[in-house]
Amino acid sequence: MYPYIPNTPQDEQEMLQAIGLDSIEQLFEDISEQVHLTKPLNIPASKSELEVSRYLKSLADKNCSVSQLTCFLGAGAYDHYIPSVIDAIIQRSEFYTSYTPYQPEISQGTLQYIFEYQTLISNLTGMDLANASLYDGGTAITEAALMACAYSRKGEIIVSTGVNPEARQILKTYAHAQNLKVIEVETKDGVTDAAMLKELINDETAAVIVQNPNFFGLLEDLKGLGEIAHKGKKVSMIASVEPISLALLKKPGELDVDIVVGEGQPLGIPLQFGGPYLGFMAVKKDYMRKLPGRIVGETTDLDGKRAYVLTLSAREQHIRREKATSNICSNQGLNALAATVYMVTMGKEGLKEVANQCVQKAHYAFNELTQSGKYKPLFDKPFFMEFALTSDVSVDKINKALLEEKIIGGYDLGKDYPQYKNAALYAVTEKRTKEDINKLRRVLEGVK
Amino acid sequence: MKDYNKLIFELSKPGRKAYSLPALDVEEKALNSLIPAEFLTDKGLNFPEVSEVDVIRHYTNLSNKNYGLDKGFYPLGSCTMKYNPKINEDVARYDGFANLHPLQAEACIQGSLQVMYELEKSLCEIAGMDRFTLHPAAGAHGEITGIMLIKAYHDKKGDFKRNKIIVPDSAHGTNPATAAMAGYSIVEIKSTENGLVDLEALREAAGEDTAGLMLTNPNTLGLYDRGVKEIAKIVHDAGGLLYYDGANMNAVMGHARPGDMGFDTVHYNLHKTFSTPHGGGGPGSGPVGCKDILAEFLPVPLVEKREDGTYFLDYDVPNSIGKVKDFYGHFGVFLKAYTYILMMGNDGLKKASEMAVLNTNYIKEKLKDYYHLPIDTLVKHEVVFGGLKDKSGGVTTLDIAKRLLDYGYHPPTVYFPLIIEQALMIEPTETESKETIDGFIDAMIAIAEEASSNPEMLKTAPHNTLVRRPDETKAARNPVVKYEG
Amino acid sequence: MKVLKGLYYSINHEWVKVEGEEAFVGITDYAQEHLGDIVYVELPEVDDEFEREDSFSVVESVKAASDVYLPVSGKVLAVNEALEDEPALLNTDAYENWIVKISLNDKAELDELMTSEEYEKFLTEEA
């Protein structure tokens, strides 16, 4: 017997009899001999829970997590504080063992938190509406670009090299498959080159994509870039934003942005080696009918009670089939719940406090680390909580020295930007203490 | 709190808070001295102010409005709602896994790379494939990744005339959507009366413009297509490749492998076959496997093992289609699936498919006198009925589904596949006992009897749920998609 | 099922009402009834040009979305913006509520379409 398979041999016999068969093998008679497996799969036999957990624990212990080290690494995934309430809620099996809320009568829990999530994301970004979430920040950028192409019926996408390099690679993969053209606008002094963007906009431009704060941690002039983008006809201005920064920074909705996307991992989702995370997307009203993914709407039931349902589903793949603008059929349900609980737990004041602490500590670190002159700022522009420093020593060498002192060093920008060899990108979240930063400085100063 | 009907925003009261943070330990400077004022908002954040108790009570009350697998039977066809083992959740929360940054140094991530390496090997063996990428986030994402592999294969050969993907009419709606997203046009072929691929129609459709075929076997009717080797031959002879939609893999583990059937690429849904939770709509995971001929096109990075036993992320895949996902996919979901594979072993996985198929055939046999069974033959993991056998009372599949809610069951998938009118698609999975299944059968029979004795009662069902048939037309005509206060 | 005299009809259940060199196009009563409660109508833009049989609009109900095809080629002169706010107008009266007004490229194309009598017969055969 197996713990997750309850039928006993006697049950099997009774059920076979009811079907009119003698053996389990007969249930697989429709599989032709050529195909039917005759030998067992070459994977180990079943094990007990104790054996399995012991083995996997031993693998977990081969890793060195950010709770054993001090993390100054960001570049798209961030070590923020996660309140205990989040896991308490997402471990409720009524949430995590349910399917997509297709039966609204018994899914009001899921539907309502998605409605709350959509409201929170709309408020945070200052946009008209948000969808129920997408896979992650990188694929959300691609979905936004595809939506912009469908919206404008054009096929050229301009993307800033200040956008996360991984996200740009994903965009190129999809664009290639659909014969869309991706054009990169370079950065100048670390931010998107407005003059070059102006040159690149043409009649075929469907979208302009920038990131804020950008991959180097610097603040982009969203308003100015949006104005340039909108000189073209039906060009969508897409901004990929960091959600915690929106507690302090001007909201994309106040600026000239049409589609806002971003990585929601900082909102209470553990690092877990890169996923699952949370892509969020919010848009201006004009884009409502082109929005990919699920959307929950408020309505009333037969008795006039307030209730929630999946809505605008005629856009989706299961109805539009080959005419759908996206093939996505899931959202990141449980991670959207985690982000919802995070946002309401931190609330009106808490998110601002987190954001402020990140800014204050990052700027303290920046001043400390650049004081001796051994490490120089790569750019001289306003930043949020990440900044790039360059020196004569390779990042690889620096990070090895840091790791010996139990510090995870910055991201090596030279990997994606050959012109920034020996430059490292440091992230400082609210979790880092003054002592952590001082230690980072001490070790960095000692690197030879 | 049965009637709890508040939004979190309606609990807000100025001054309440649910968080605590340490005091700032560096000297605080004026924000506009660090970031120029032009970047800073002067608008406050329109978020609720609630206490921690409010948060916990509110979401606990919401959870009570949900039906989950841990509450009861969930026979949703094509979704494989099997039990989600609790050890999976524990493993995903081990510190070394949960708190690992994806860009940490290779020496710090060996345990995670080993999990991915071993999971890939297991998935290869179960599907009869040579390699897997774990990156795709969900089934649909896996589909597009697989189709892009096929495209890359033809492109590399300079064979650019292949612009069509063949899809049977019984396919999941994602299949045509996916093919279109990869820039292909769709050729839909009709099923035979027996619900299988019409070989003649396929022969006619396959040609030098065929890039590939997307198929699920067993198909969405739960029928295993014996002709699959012939199907593969027809497509391969025409120069096309075959894509296996692995949504229905739970039917055949340890009995048949898509690789042996002749498929070139395949995706799994780890959240279906390998017991990871659906989470109310995600996160899932949709790894894509392929034969050697497609391996050179797989997304980067792949996990490889060195001779000294260490693992590394390999970005050196010159013909790769590129990246399809941030970082390496849904690692947290891989852990749960791998835990399940280790727990079940080769014997348990085979047994799982056997019991899933047994449960399904048992339901088919017990309900076919009451519900219209368009094709009465051996089924695999799911069975599709075409509404009531006696439709004279005017009771529809929707009514039956809604009435099942009163009986405490999650309804089957309804109105899919499209080729069966009034479709009711039942997939019990192996994790349900005979008693549970008998209870469901009794409820279905009782409903069939109510349909003749009291059809009006069914048409106004459900009667015992918290809300009843929310108005979808109203929601779609005047969308209210956020709380306006 | 209502079928108005004096209009041209297509097999995709669109109607064309000709006024000189211009025409109004909409969906038939049969089409609206078949779709059920219409929740959204996606309209083209003025000056868009379409070939015959091109999809120029999408009509959505809760669980379906149907392309609407232009039975004759032409250029869009006006769109019925009332449908944006009140898509249910198509359910109320599918003939009163046109979707687009176009200029006809080639009046000869009308000969390919059905008369009201032919369309009525077509509907009987469809059923």
# chains A, B, ... in the order shown; residues from 1 in each chain; ligands from 1
>>> select_by_dssp(residues="region 160-355 of chain B", states="helix (DSSP H, G or I)", output="VMD selection string")
chain B and resid 174 to 181 199 to 205 228 to 237 246 to 251 258 to 261 292 to 295 331 to 355
>>> residues_around(residues="region 233-247 of chain B", least_positions_apart="6", cutoff="8 Å", atoms="only C-alpha atoms", output="PyMOL selection string")
chain B and resi 78-79+139+143+146-147+150+202-203+206-208+210-217+258+262-269+272-273
>>> write_last_selection(atoms="C-alpha atoms", output="compact mmCIF listing (two decimals), in the first residue's frame")
# COMPACT_ATOMS: atom_id res chain seq x y z
CA SER B 78 -7.99 17.21 -17.52
CA CYS B 79 -6.80 18.84 -14.30
CA GLY B 139 1.62 23.79 -19.24
CA GLU B 143 3.72 24.10 -25.05
CA GLY B 146 8.18 22.81 -27.27
CA ILE B 147 6.76 24.39 -30.41
CA ILE B 150 10.27 22.37 -33.44
CA LEU B 202 -4.16 13.29 -41.11
CA ARG B 203 -2.59 11.88 -44.27
CA ALA B 206 0.33 16.29 -43.55
CA GLY B 207 2.66 17.61 -46.19
CA GLU B 208 5.68 19.70 -46.87
CA THR B 210 3.66 20.64 -41.87
CA ALA B 211 5.90 21.77 -39.05
CA GLY B 212 4.37 19.41 -36.56
CA LEU B 213 1.41 17.83 -34.83
CA MET B 214 0.20 18.55 -31.30
CA LEU B 215 -1.47 15.62 -29.64
CA THR B 216 -2.41 14.31 -26.26
CA ASN B 217 -2.61 10.55 -25.80
CA PRO B 258 5.46 9.37 -25.23
CA GLY B 262 7.08 8.40 -31.45
CA PHE B 263 6.82 11.89 -29.98
CA ASP B 264 9.78 14.21 -30.33
CA THR B 265 8.93 16.68 -27.61
CA VAL B 266 6.62 16.66 -24.61
CA HIS B 267 5.59 18.79 -21.67
CA TYR B 268 4.47 17.68 -18.25
CA ASN B 269 2.31 19.56 -15.81
CA LYS B 272 -1.12 17.63 -12.34
CA THR B 273 0.82 14.41 -12.66
>>> closest_residue(among="B:Pro277, B:Pro417, B:Gly227, B:Gly128", to="chain A", atoms="only C-alpha atoms")
B:Pro277
>>> closest_residue(among="C:Phe24, C:Ile11, C:Val59, C:Lys5", to="Met114 (chain C)", atoms="only C-alpha atoms")
C:Ile11
>>> residues_around(residues="region 45-56 of chain C", least_positions_apart="5", cutoff="7 Å", atoms="only C-alpha atoms", output="ChimeraX atom specification")
/C:67-79
>>> write_last_selection(atoms="C-alpha atoms", output="short mmCIF file (atom, residue, chain, number, x, y, z; two decimals), in the first residue's frame")
data_model
loop_
_atom_site.label_atom_id
_atom_site.label_comp_id
_atom_site.auth_asym_id
_atom_site.auth_seq_id
_atom_site.Cartn_x
_atom_site.Cartn_y
_atom_site.Cartn_z
CA ASP C 67 -15.42 37.46 -35.47
CA VAL C 68 -17.66 39.53 -37.68
CA TYR C 69 -16.65 39.43 -41.33
CA LEU C 70 -17.20 42.16 -43.85
CA PRO C 71 -19.39 40.65 -46.58
CA VAL C 72 -18.14 43.20 -49.12
CA SER C 73 -14.88 45.11 -49.35
CA GLY C 74 -14.72 48.73 -48.32
CA LYS C 75 -13.41 51.50 -46.15
CA VAL C 76 -14.85 52.32 -42.75
CA LEU C 77 -16.65 55.67 -42.73
CA ALA C 78 -18.18 55.46 -39.26
CA VAL C 79 -18.47 53.06 -36.34
#
>>> select_by_dssp(residues="chain C", states="strand (DSSP E)", output="PyMOL selection string")
chain C and resi 8-9+14-19+22-27+38-42+49-50+55-61+65-69+74-79+100-104
>>> interface_residues(of="chain B", to="chain C", cutoff="10 Å", atoms="only C-alpha atoms", output="tab-separated table (two decimals) with C-alpha atoms, in the first residue's frame")
chain	number	residue	atom	x	y	z
B	472	GLU	CA	-21.39	36.76	-15.30
B	473	THR	CA	-23.12	38.86	-17.92
B	474	LYS	CA	-23.30	41.81	-15.57
B	475	ALA	CA	-19.64	41.34	-14.64
B	476	ALA	CA	-18.56	41.34	-18.28
B	477	ARG	CA	-20.78	44.18	-19.49
B	478	ASN	CA	-19.77	46.65	-16.80
B	479	PRO	CA	-16.47	45.36	-15.49
>>> closest_residue(among="B:Pro470, B:Gly286, B:Pro136, B:Gly485", to="Glu10 (chain B)", atoms="only C-alpha atoms")
B:Gly485
>>> residues_around(residues="Asp169 (chain B)", least_positions_apart="3", cutoff="8 Å", atoms="only C-alpha atoms", output="MDAnalysis selection string")
chainID B and resid 188:191 418:419
>>> closest_residue(among="C:Ala65, C:Leu4, C:Ala94, C:Thr28", to="chain A", atoms="only C-alpha atoms")
C:Ala65
